[in-house]
file input37.cif (mmCIF, C-alpha atoms)
data_upload
#
loop_
_atom_site.group_PDB
_atom_site.id
_atom_site.type_symbol
_atom_site.label_atom_id
_atom_site.label_comp_id
_atom_site.auth_asym_id
_atom_site.auth_seq_id
_atom_site.Cartn_x
_atom_site.Cartn_y
_atom_site.Cartn_z
ATOM 1 C CA MET X 1 6.206 45.489 71.934
ATOM 2 C CA ASN X 2 4.748 45.530 68.413
ATOM 3 C CA SER X 3 1.365 46.869 67.259
ATOM 4 C CA THR X 4 -0.424 43.626 68.199
ATOM 5 C CA GLY X 5 0.707 43.816 71.833
ATOM 6 C CA PHE X 6 3.137 40.904 71.614
ATOM 7 C CA PRO X 7 6.846 41.336 72.291
ATOM 8 C CA ARG X 8 9.019 41.677 69.227
ATOM 9 C CA ARG X 9 11.135 38.721 68.290
ATOM 10 C CA PRO X 10 14.827 39.570 68.221
ATOM 11 C CA ARG X 11 16.434 39.450 64.830
ATOM 12 C CA ARG X 12 18.546 36.461 64.124
ATOM 13 C CA PRO X 13 22.318 36.981 64.091
ATOM 14 C CA ARG X 14 22.544 35.634 60.541
ATOM 15 C CA ARG X 15 20.002 38.151 59.316
ATOM 16 C CA LEU X 16 21.803 40.999 61.064
ATOM 17 C CA ALA X 17 25.106 39.871 59.564
ATOM 18 C CA ALA X 18 23.543 39.661 56.109
ATOM 19 C CA GLU X 19 22.047 43.141 56.401
ATOM 20 C CA ALA X 20 25.338 44.575 57.677
ATOM 21 C CA SER X 21 27.226 42.921 54.823
ATOM 22 C CA ALA X 22 24.722 44.302 52.312
ATOM 23 C CA LEU X 23 25.188 47.822 53.714
ATOM 24 C CA VAL X 24 28.964 47.514 53.537
ATOM 25 C CA ILE X 25 28.849 46.248 49.948
ATOM 26 C CA ALA X 26 26.415 49.026 48.968
ATOM 27 C CA ALA X 27 28.708 51.632 50.552
ATOM 28 C CA VAL X 28 31.751 50.259 48.708
ATOM 29 C CA VAL X 29 29.880 50.256 45.387
ATOM 30 C CA ALA X 30 28.428 53.743 45.892
ATOM 31 C CA PHE X 31 31.644 55.377 47.132
ATOM 32 C CA PRO X 32 33.199 55.893 43.656
ATOM 33 C CA LEU X 33 29.982 57.597 42.504
ATOM 34 C CA TYR X 34 30.019 59.785 45.607
ATOM 35 C CA TRP X 35 33.661 60.706 45.036
ATOM 36 C CA MET X 36 32.959 61.520 41.391
ATOM 37 C CA VAL X 37 30.131 63.912 42.266
ATOM 38 C CA LEU X 38 32.160 65.372 45.146
ATOM 39 C CA SER X 39 35.119 66.053 42.862
ATOM 40 C CA ALA X 40 32.785 67.657 40.327
ATOM 41 C CA VAL X 41 31.547 70.242 42.863
ATOM 42 C CA ARG X 42 34.877 70.883 44.554
ATOM 43 C CA PRO X 43 36.830 74.077 43.903
ATOM 44 C CA ALA X 44 40.004 73.678 41.881
ATOM 45 C CA GLY X 45 42.153 74.301 44.943
ATOM 46 C CA GLU X 46 40.659 71.393 46.865
ATOM 47 C CA ILE X 47 40.982 69.016 43.913
ATOM 48 C CA GLU X 48 44.684 69.768 43.556
ATOM 49 C CA SER X 49 45.295 69.659 47.312
ATOM 50 C CA ALA X 50 47.447 66.848 48.679
ATOM 51 C CA GLU X 51 44.972 66.307 51.547
ATOM 52 C CA ALA X 52 42.030 64.345 50.230
ATOM 53 C CA ARG X 53 38.941 64.910 52.362
ATOM 54 C CA PRO X 54 35.601 63.149 51.793
ATOM 55 C CA TRP X 55 33.690 66.438 51.968
ATOM 56 C CA THR X 56 33.836 70.039 50.818
ATOM 57 C CA LEU X 57 32.816 73.214 52.625
ATOM 58 C CA ALA X 58 32.738 75.361 49.489
ATOM 59 C CA PRO X 59 30.836 73.517 46.737
ATOM 60 C CA THR X 60 30.804 75.155 43.321
ATOM 61 C CA LEU X 61 29.258 74.465 39.910
ATOM 62 C CA ASP X 62 32.153 75.945 37.931
ATOM 63 C CA SER X 63 33.149 72.514 36.547
ATOM 64 C CA PHE X 64 29.618 71.888 35.301
ATOM 65 C CA ARG X 65 29.528 75.347 33.700
ATOM 66 C CA ARG X 66 32.748 74.609 31.820
ATOM 67 C CA VAL X 67 31.418 71.249 30.642
ATOM 68 C CA LEU X 68 27.932 72.381 29.616
ATOM 69 C CA GLY X 69 29.341 75.558 28.096
ATOM 70 C CA GLN X 70 31.714 73.607 25.886
ATOM 71 C CA GLN X 71 30.650 74.250 22.307
ATOM 72 C CA GLU X 72 30.592 70.649 21.054
ATOM 73 C CA PHE X 73 29.297 68.961 24.216
ATOM 74 C CA GLY X 74 25.696 68.963 22.982
ATOM 75 C CA ARG X 75 26.772 67.279 19.742
ATOM 76 C CA TYR X 76 28.671 64.605 21.674
ATOM 77 C CA PHE X 77 25.621 63.988 23.852
ATOM 78 C CA LEU X 78 23.336 63.690 20.804
ATOM 79 C CA ASN X 79 25.747 61.246 19.144
ATOM 80 C CA SER X 80 25.716 59.048 22.244
ATOM 81 C CA VAL X 81 21.915 59.108 22.346
ATOM 82 C CA VAL X 82 21.637 58.172 18.663
ATOM 83 C CA VAL X 83 24.124 55.307 18.949
ATOM 84 C CA ALA X 84 22.653 53.919 22.193
ATOM 85 C CA CYS X 85 19.026 54.109 21.017
ATOM 86 C CA ALA X 86 19.856 52.531 17.654
ATOM 87 C CA VAL X 87 21.711 49.656 19.337
ATOM 88 C CA VAL X 88 18.974 49.057 21.927
ATOM 89 C CA ILE X 89 16.103 49.045 19.395
ATOM 90 C CA ALA X 90 17.883 47.040 16.704
ATOM 91 C CA SER X 91 19.385 44.455 19.051
ATOM 92 C CA ALA X 92 16.069 43.988 20.884
ATOM 93 C CA LEU X 93 14.086 43.379 17.690
ATOM 94 C CA ILE X 94 16.699 41.107 16.099
ATOM 95 C CA ALA X 95 17.194 39.156 19.334
ATOM 96 C CA PHE X 96 13.438 38.700 19.745
ATOM 97 C CA LEU X 97 13.036 37.303 16.233
ATOM 98 C CA ALA X 98 16.142 35.131 16.535
ATOM 99 C CA ALA X 99 15.136 33.760 19.949
ATOM 100 C CA THR X 100 11.677 32.944 18.613
ATOM 101 C CA SER X 101 13.174 31.171 15.603
ATOM 102 C CA VAL X 102 15.590 28.959 17.543
ATOM 103 C CA THR X 103 12.920 28.139 20.128
ATOM 104 C CA ARG X 104 9.763 27.575 18.061
ATOM 105 C CA PHE X 105 11.208 26.071 14.889
ATOM 106 C CA ARG X 106 13.177 22.895 14.269
ATOM 107 C CA PHE X 107 15.921 23.125 11.654
ATOM 108 C CA ARG X 108 19.360 21.717 10.968
ATOM 109 C CA PHE X 109 22.337 23.060 12.929
ATOM 110 C CA ARG X 110 20.060 24.773 15.447
ATOM 111 C CA THR X 111 22.136 23.526 18.383
ATOM 112 C CA THR X 112 25.337 24.436 16.564
ATOM 113 C CA LEU X 113 24.027 27.939 16.030
ATOM 114 C CA LEU X 114 23.230 28.329 19.727
ATOM 115 C CA ILE X 115 26.705 27.101 20.669
ATOM 116 C CA MET X 116 28.205 29.611 18.258
ATOM 117 C CA PHE X 117 26.253 32.389 20.004
ATOM 118 C CA LEU X 118 27.708 31.248 23.314
ATOM 119 C CA ILE X 119 31.255 31.049 21.956
ATOM 120 C CA ALA X 120 30.954 34.514 20.407
ATOM 121 C CA GLN X 121 30.105 35.898 23.830
ATOM 122 C CA MET X 122 33.330 34.450 25.263
ATOM 123 C CA VAL X 123 35.646 36.239 22.823
ATOM 124 C CA PRO X 124 37.216 39.380 24.384
ATOM 125 C CA VAL X 125 36.240 42.621 22.699
ATOM 126 C CA GLU X 126 39.874 43.766 22.653
ATOM 127 C CA ALA X 127 40.864 40.758 20.534
ATOM 128 C CA LEU X 128 38.406 41.764 17.799
ATOM 129 C CA THR X 129 39.073 45.490 17.712
ATOM 130 C CA ILE X 130 41.811 45.356 15.052
ATOM 131 C CA PRO X 131 39.887 42.980 12.720
ATOM 132 C CA LEU X 132 36.807 45.160 13.142
ATOM 133 C CA PHE X 133 38.863 48.242 12.306
ATOM 134 C CA PHE X 134 39.906 46.766 8.953
ATOM 135 C CA LEU X 135 36.343 45.582 8.343
ATOM 136 C CA MET X 136 34.948 49.060 8.965
ATOM 137 C CA ARG X 137 37.666 50.606 6.837
ATOM 138 C CA ASP X 138 36.886 48.334 3.893
ATOM 139 C CA ALA X 139 33.158 49.042 4.314
ATOM 140 C CA GLY X 140 33.801 52.795 4.359
ATOM 141 C CA GLN X 141 32.298 53.216 7.822
ATOM 142 C CA LEU X 142 35.235 54.806 9.648
ATOM 143 C CA ASN X 143 34.461 58.211 11.185
ATOM 144 C CA THR X 144 30.731 57.455 11.076
ATOM 145 C CA LEU X 145 28.256 56.536 13.779
ATOM 146 C CA GLY X 146 27.592 53.309 11.910
ATOM 147 C CA ALA X 147 31.064 52.145 12.920
ATOM 148 C CA LEU X 148 29.847 52.271 16.537
ATOM 149 C CA ILE X 149 26.308 50.994 16.013
ATOM 150 C CA LEU X 150 27.064 47.837 14.014
ATOM 151 C CA PRO X 151 29.732 46.320 16.343
ATOM 152 C CA HIS X 152 27.652 46.998 19.446
ATOM 153 C CA ILE X 153 24.629 45.325 17.892
ATOM 154 C CA ALA X 154 26.772 42.306 17.066
ATOM 155 C CA PHE X 155 28.180 42.075 20.596
ATOM 156 C CA SER X 156 24.774 42.582 22.225
ATOM 157 C CA LEU X 157 22.968 39.871 20.269
ATOM 158 C CA PRO X 158 24.509 36.652 21.754
ATOM 159 C CA PHE X 159 23.578 37.558 25.333
ATOM 160 C CA ALA X 160 20.164 38.896 24.304
ATOM 161 C CA ILE X 161 19.295 35.805 22.252
ATOM 162 C CA TRP X 162 20.300 33.410 25.009
ATOM 163 C CA MET X 163 18.313 35.326 27.614
ATOM 164 C CA LEU X 164 15.201 35.779 25.480
ATOM 165 C CA ARG X 165 15.272 32.134 24.471
ATOM 166 C CA GLY X 166 14.239 31.189 28.015
ATOM 167 C CA PHE X 167 11.364 33.681 27.975
ATOM 168 C CA VAL X 168 10.047 32.475 24.624
ATOM 169 C CA LYS X 169 10.368 28.856 25.718
ATOM 170 C CA ALA X 170 8.378 29.597 28.880
ATOM 171 C CA VAL X 171 5.358 30.669 26.824
ATOM 172 C CA PRO X 172 3.292 27.471 26.320
ATOM 173 C CA GLU X 173 2.771 26.291 22.769
ATOM 174 C CA SER X 174 -0.876 25.703 23.641
ATOM 175 C CA LEU X 175 -1.275 29.480 23.752
ATOM 176 C CA GLU X 176 -0.149 29.735 20.141
ATOM 177 C CA GLU X 177 -2.450 26.879 19.136
ATOM 178 C CA ALA X 178 -5.380 28.582 20.833
ATOM 179 C CA ALA X 179 -4.576 31.841 19.020
ATOM 180 C CA GLN X 180 -4.477 30.013 15.690
ATOM 181 C CA LEU X 181 -7.846 28.413 16.413
ATOM 182 C CA ASP X 182 -9.231 31.881 17.048
ATOM 183 C CA GLY X 183 -8.035 32.953 13.609
ATOM 184 C CA ALA X 184 -4.849 34.783 14.576
ATOM 185 C CA SER X 185 -2.038 34.605 12.046
ATOM 186 C CA ARG X 186 1.511 33.753 13.078
ATOM 187 C CA SER X 187 2.647 37.355 12.724
ATOM 188 C CA ARG X 188 -0.280 38.580 14.832
ATOM 189 C CA PHE X 189 0.531 36.049 17.539
ATOM 190 C CA LEU X 190 4.192 37.076 17.369
ATOM 191 C CA TRP X 191 3.670 40.806 17.892
ATOM 192 C CA GLN X 192 0.390 41.044 19.792
ATOM 193 C CA ILE X 193 0.697 38.059 22.151
ATOM 194 C CA LEU X 194 4.256 36.763 22.356
ATOM 195 C CA PHE X 195 5.996 40.130 22.260
ATOM 196 C CA PRO X 196 4.170 41.589 25.325
ATOM 197 C CA LEU X 197 4.840 38.378 27.282
ATOM 198 C CA VAL X 198 8.595 38.488 26.721
ATOM 199 C CA LEU X 199 8.798 42.271 27.113
ATOM 200 C CA PRO X 200 10.384 42.029 30.608
ATOM 201 C CA GLY X 201 13.201 39.988 29.115
ATOM 202 C CA LEU X 202 13.627 42.525 26.327
ATOM 203 C CA VAL X 203 13.881 45.302 28.897
ATOM 204 C CA ALA X 204 16.523 43.387 30.865
ATOM 205 C CA THR X 205 18.666 42.825 27.781
ATOM 206 C CA SER X 206 18.141 46.415 26.673
ATOM 207 C CA VAL X 207 19.587 47.717 29.940
ATOM 208 C CA PHE X 208 22.821 45.826 29.408
ATOM 209 C CA SER X 209 22.988 46.893 25.755
ATOM 210 C CA PHE X 210 22.373 50.528 26.671
ATOM 211 C CA ILE X 211 24.994 50.636 29.422
ATOM 212 C CA SER X 212 27.716 48.918 27.393
ATOM 213 C CA THR X 213 27.061 51.170 24.387
ATOM 214 C CA TRP X 214 26.728 54.398 26.352
ATOM 215 C CA ASN X 215 30.008 53.866 28.225
ATOM 216 C CA ASP X 216 31.991 52.590 25.244
ATOM 217 C CA PHE X 217 35.390 54.179 24.759
ATOM 218 C CA LEU X 218 37.350 51.473 22.927
ATOM 219 C CA PHE X 219 35.317 51.420 19.704
ATOM 220 C CA ALA X 220 34.867 55.205 19.714
ATOM 221 C CA LYS X 221 38.618 55.700 20.053
ATOM 222 C CA SER X 222 39.435 53.071 17.414
ATOM 223 C CA PHE X 223 36.853 53.835 14.715
ATOM 224 C CA ILE X 224 36.374 57.619 15.020
ATOM 225 C CA ILE X 225 39.821 58.773 14.019
ATOM 226 C CA SER X 226 39.722 62.268 12.545
ATOM 227 C CA ASP X 227 36.109 63.513 12.540
ATOM 228 C CA THR X 228 35.652 64.938 16.036
ATOM 229 C CA SER X 229 32.046 65.850 15.231
ATOM 230 C CA ARG X 230 31.266 62.110 15.506
ATOM 231 C CA TRP X 231 32.673 61.781 19.004
ATOM 232 C CA THR X 232 30.500 60.385 21.771
ATOM 233 C CA LEU X 233 30.511 61.421 25.424
ATOM 234 C CA PRO X 234 33.307 59.047 26.567
ATOM 235 C CA MET X 235 35.554 60.599 23.923
ATOM 236 C CA ALA X 236 34.563 64.059 25.151
ATOM 237 C CA LEU X 237 36.476 63.353 28.350
ATOM 238 C CA LEU X 238 39.690 63.705 26.342
ATOM 239 C CA VAL X 239 38.932 67.408 25.975
ATOM 240 C CA TYR X 240 39.463 67.881 29.710
ATOM 241 C CA PHE X 241 42.168 65.271 30.230
ATOM 242 C CA LYS X 242 45.361 66.965 29.126
ATOM 243 C CA PRO X 243 48.741 65.407 30.068
ATOM 244 C CA GLU X 244 50.281 68.792 30.922
ATOM 245 C CA GLU X 245 47.403 70.212 32.955
ATOM 246 C CA PRO X 246 44.421 67.865 33.354
ATOM 247 C CA ASP X 247 41.132 69.463 34.323
ATOM 248 C CA TRP X 248 40.008 66.903 36.907
ATOM 249 C CA GLY X 249 36.975 68.964 37.827
ATOM 250 C CA GLY X 250 35.867 68.962 34.180
ATOM 251 C CA VAL X 251 36.517 65.229 33.871
ATOM 252 C CA MET X 252 34.413 64.468 36.945
ATOM 253 C CA ALA X 253 31.650 66.884 35.937
ATOM 254 C CA ALA X 254 31.465 65.356 32.446
ATOM 255 C CA SER X 255 31.430 61.866 33.974
ATOM 256 C CA THR X 256 28.566 62.914 36.256
ATOM 257 C CA VAL X 257 26.583 64.240 33.298
ATOM 258 C CA MET X 258 27.266 60.957 31.473
ATOM 259 C CA THR X 259 25.896 58.980 34.404
ATOM 260 C CA ILE X 260 22.580 60.835 34.615
ATOM 261 C CA PRO X 261 20.987 59.317 31.434
ATOM 262 C CA VAL X 262 21.931 55.817 32.619
ATOM 263 C CA LEU X 263 20.247 56.431 35.971
ATOM 264 C CA VAL X 264 17.158 57.889 34.279
ATOM 265 C CA PHE X 265 16.934 54.936 31.894
ATOM 266 C CA PHE X 266 17.323 52.506 34.794
ATOM 267 C CA VAL X 267 14.617 54.226 36.856
ATOM 268 C CA LEU X 268 12.194 54.131 33.916
ATOM 269 C CA VAL X 269 12.613 50.389 33.352
ATOM 270 C CA GLN X 270 13.431 49.153 36.856
ATOM 271 C CA ARG X 271 10.090 47.407 37.420
ATOM 272 C CA ARG X 272 10.252 45.471 34.193
ATOM 273 C CA LEU X 273 13.962 44.858 34.762
ATOM 274 C CA VAL X 274 13.329 43.166 38.111
ATOM 275 C CA SER X 275 10.583 40.990 36.667
ATOM 276 C CA GLY X 276 12.748 40.240 33.650
ATOM 277 C CA LEU X 277 15.727 39.087 35.690
ATOM 278 C CA GLY X 278 13.446 37.042 37.906
ATOM 279 C CA GLY X 279 11.573 35.460 35.028
ATOM 280 C CA ALA X 280 8.182 37.076 34.738
ATOM 281 C CA VAL X 281 6.722 34.707 32.169
ATOM 282 C CA LYS X 282 5.001 31.707 33.738
ATOM 283 C CA GLU X 283 3.077 28.905 32.154
#

call {"tool": "encode", "arguments": {"input": "input37.cif", "output": "structure tokens"}}
result
Amino acid sequence: MNSTGFPRRPRRPRRLAAEASALVIAAVVAFPLYWMVLSAVRPAGEIESAEARPWTLAPTLDSFRRVLGQQEFGRYFLNSVVVACAVVIASALIAFLAATSVTRFRFRFRTTLLIMFLIAQMVPVEALTIPLFFLMRDAGQLNTLGALILPHIAFSLPFAIWMLRGFVKAVPESLEEAAQLDGASRSRFLWQILFPLVLPGLVATSVFSFISTWNDFLFAKSFIISDTSRWTLPMALLVYFKPEEPDWGGVMAASTVMTIPVLVFFVLVQRRLVSGLGGAVKE
């Protein structure tokens, strides 16, 4: 019986199957995160034991103390924050202006330009690493954070422009005409009216840019060769991963610390992310 006094309707088998499947998929996706955190709080003896158990009876924070007590860890964390924030802000602003241009203006080769954005997104990152290395070397950017910021901005833009193009297109042109009749300039309409309307889309693209930049290891390994002070957090894992005697507890603790900013960033923008993926702008 429910609160209204009528008997409850039994759930449909399809709905039960869908919910069970969702729980199974969620458990499979969350298990690696659980195992990472579990390995980070396990004593060294349990980590090296041949019997892998999905629990520990003697949790310890020794691995986190070794990681956070590492002298250069704070510098690595700050480098990752600088690179990720620079990529997110720059790619969001450039993508917003580019999406507005290809949507609101008519010019030659506009369709060709959009197709080129799509093709650029299909090229594997690994195939461009060596050409980018020589490009950064000739530009004098090796062993600098700019060698990480510039490529990530370039790889974030095609997806961001394509996604924001739909948001800009969904804003009716009559809204811009009405703003012009009220005396608003094009720049005022762009930043005070259009920008807030497409903000959910900007947040959605920023999440993908932030995650890909924050977790990057390939570019950091390829472009930061000798200056260890420019390392980011993924490169910091090499400090604990030694071929002779790897510190698996340190690796897992550092990975857990790396994951926390991503979770915090996701929690802060989750509402706008959901509306952005669902298409919040309506005519």

call {"tool": "resolve_selection", "arguments": {"input": "input37.cif", "expression": "the PyMOL selection byres ((chain X and resi 219) around 10)", "output": "list of chain:residue names"}}
result
X:Val125, X:Glu126, X:Thr129, X:Leu132, X:Phe133, X:Ala147, X:Leu148, X:Ile149, X:Pro151, X:His152, X:Thr213, X:Asp216, X:Phe217, X:Leu218, X:Ala220, X:Lys221, X:Ser222, X:Phe223, X:Ile224

call {"tool": "closest_atom_pairs", "arguments": {"input": "input37.cif", "of": "segment 79-170 of chain X", "to": "segment 230-237 of chain X", "cutoff": "10 Å", "atoms": "all atoms listed in the file", "output": "Markdown table"}}
result
| residue | atom | partner | partner_atom | distance |
| --- | --- | --- | --- | --- |
| X:Asn79 | CA | X:Thr232 | CA | 5.5 |
| X:Ser80 | CA | X:Thr232 | CA | 5.0 |
| X:Val81 | CA | X:Thr232 | CA | 8.7 |
| X:Val82 | CA | X:Thr232 | CA | 9.6 |
| X:Val83 | CA | X:Thr232 | CA | 8.6 |
| X:Asn143 | CA | X:Arg230 | CA | 6.6 |
| X:Thr144 | CA | X:Arg230 | CA | 6.4 |
| X:Leu145 | CA | X:Arg230 | CA | 6.6 |
| X:Leu148 | CA | X:Thr232 | CA | 9.7 |

call {"tool": "write_last_selection", "arguments": {"input": "input37.cif", "atoms": "C-alpha atoms", "output": "PDB file, in the frame of the given file"}}
result
ATOM      1  CA  ASN X  79      25.747  61.246  19.144  1.00  0.00           C
ATOM      2  CA  SER X  80      25.716  59.048  22.244  1.00  0.00           C
ATOM      3  CA  VAL X  81      21.915  59.108  22.346  1.00  0.00           C
ATOM      4  CA  VAL X  82      21.637  58.172  18.663  1.00  0.00           C
ATOM      5  CA  VAL X  83      24.124  55.307  18.949  1.00  0.00           C
ATOM      6  CA  ASN X 143      34.461  58.211  11.185  1.00  0.00           C
ATOM      7  CA  THR X 144      30.731  57.455  11.076  1.00  0.00           C
ATOM      8  CA  LEU X 145      28.256  56.536  13.779  1.00  0.00           C
ATOM      9  CA  LEU X 148      29.847  52.271  16.537  1.00  0.00           C
TER      10      LEU X 148
END

call {"tool": "residues_around", "arguments": {"input": "input37.cif", "residues": "Thr256 of chain X", "least_positions_apart": "3", "cutoff": "10 Å", "atoms": "all atoms listed in the file", "output": "short mmCIF file (atom, residue, chain, number, x, y, z; two decimals) with C-alpha atoms, keeping the file's coordinate frame"}}
result
data_model
loop_
_atom_site.label_atom_id
_atom_site.label_comp_id
_atom_site.auth_asym_id
_atom_site.auth_seq_id
_atom_site.Cartn_x
_atom_site.Cartn_y
_atom_site.Cartn_z
CA LEU X 33 29.98 57.60 42.50
CA TYR X 34 30.02 59.78 45.61
CA MET X 36 32.96 61.52 41.39
CA VAL X 37 30.13 63.91 42.27
CA LEU X 38 32.16 65.37 45.15
CA SER X 39 35.12 66.05 42.86
CA ALA X 40 32.78 67.66 40.33
CA PHE X 64 29.62 71.89 35.30
CA GLY X 250 35.87 68.96 34.18
CA VAL X 251 36.52 65.23 33.87
CA MET X 252 34.41 64.47 36.94
CA ALA X 253 31.65 66.88 35.94
CA THR X 259 25.90 58.98 34.40
CA ILE X 260 22.58 60.84 34.62
CA PRO X 261 20.99 59.32 31.43
#

call {"tool": "atom_distance", "arguments": {"input": "input37.cif", "atom1": "atom CA of Val267 of chain X", "atom2": "atom CA of Pro200 of chain X"}}
result
14.3 Å

call {"tool": "resolve_selection", "arguments": {"input": "input37.cif", "expression": "the PyMOL selection byres ((chain X and resi 198) around 10)", "output": "PyMOL selection string"}}
result
chain X and resi 96+164-171+193-197+199-203+276+279-281

call {"tool": "atom_distance", "arguments": {"input": "input37.cif", "atom1": "atom CA of Leu268 of chain X", "atom2": "atom CA of Val207 of chain X"}}
result
10.6 Å

call {"tool": "residues_around", "arguments": {"input": "input37.cif", "residues": "Thr205 of chain X", "least_positions_apart": "3", "cutoff": "9 Å", "atoms": "only C-alpha atoms", "output": "JSON, numbers by chain"}}
result
{"X": [88, 91, 92, 156, 159, 160, 161, 163, 164, 200, 201, 202, 208, 209, 210, 273, 276]}

call {"tool": "resolve_selection", "arguments": {"input": "input37.cif", "expression": "the PyMOL selection byres ((chain X and resi 46-58) around 10)", "output": "list of chain:residue names"}}
result
X:Phe31, X:Tyr34, X:Trp35, X:Leu38, X:Ser39, X:Ala40, X:Val41, X:Arg42, X:Pro43, X:Ala44, X:Gly45, X:Pro59, X:Thr60, X:Asp247, X:Trp248, X:Gly249

call {"tool": "write_last_selection", "arguments": {"input": "input37.cif", "atoms": "C-alpha atoms", "output": "PDB file, in the frame of the given file"}}
result
ATOM      1  CA  PHE X  31      31.644  55.377  47.132  1.00  0.00           C
ATOM      2  CA  TYR X  34      30.019  59.785  45.607  1.00  0.00           C
ATOM      3  CA  TRP X  35      33.661  60.706  45.036  1.00  0.00           C
ATOM      4  CA  LEU X  38      32.160  65.372  45.146  1.00  0.00           C
ATOM      5  CA  SER X  39      35.119  66.053  42.862  1.00  0.00           C
ATOM      6  CA  ALA X  40      32.785  67.657  40.327  1.00  0.00           C
ATOM      7  CA  VAL X  41      31.547  70.242  42.863  1.00  0.00           C
ATOM      8  CA  ARG X  42      34.877  70.883  44.554  1.00  0.00           C
ATOM      9  CA  PRO X  43      36.830  74.077  43.903  1.00  0.00           C
ATOM     10  CA  ALA X  44      40.004  73.678  41.881  1.00  0.00           C
ATOM     11  CA  GLY X  45      42.153  74.301  44.943  1.00  0.00           C
ATOM     12  CA  PRO X  59      30.836  73.517  46.737  1.00  0.00           C
ATOM     13  CA  THR X  60      30.804  75.155  43.321  1.00  0.00           C
ATOM     14  CA  ASP X 247      41.132  69.463  34.323  1.00  0.00           C
ATOM     15  CA  TRP X 248      40.008  66.903  36.907  1.00  0.00           C
ATOM     16  CA  GLY X 249      36.975  68.964  37.827  1.00  0.00           C
TER      17      GLY X 249
END

call {"tool": "atom_distance", "arguments": {"input": "input37.cif", "atom1": "atom CA of Val87 of chain X", "atom2": "atom CA of Leu114 of chain X"}}
result
21.4 Å
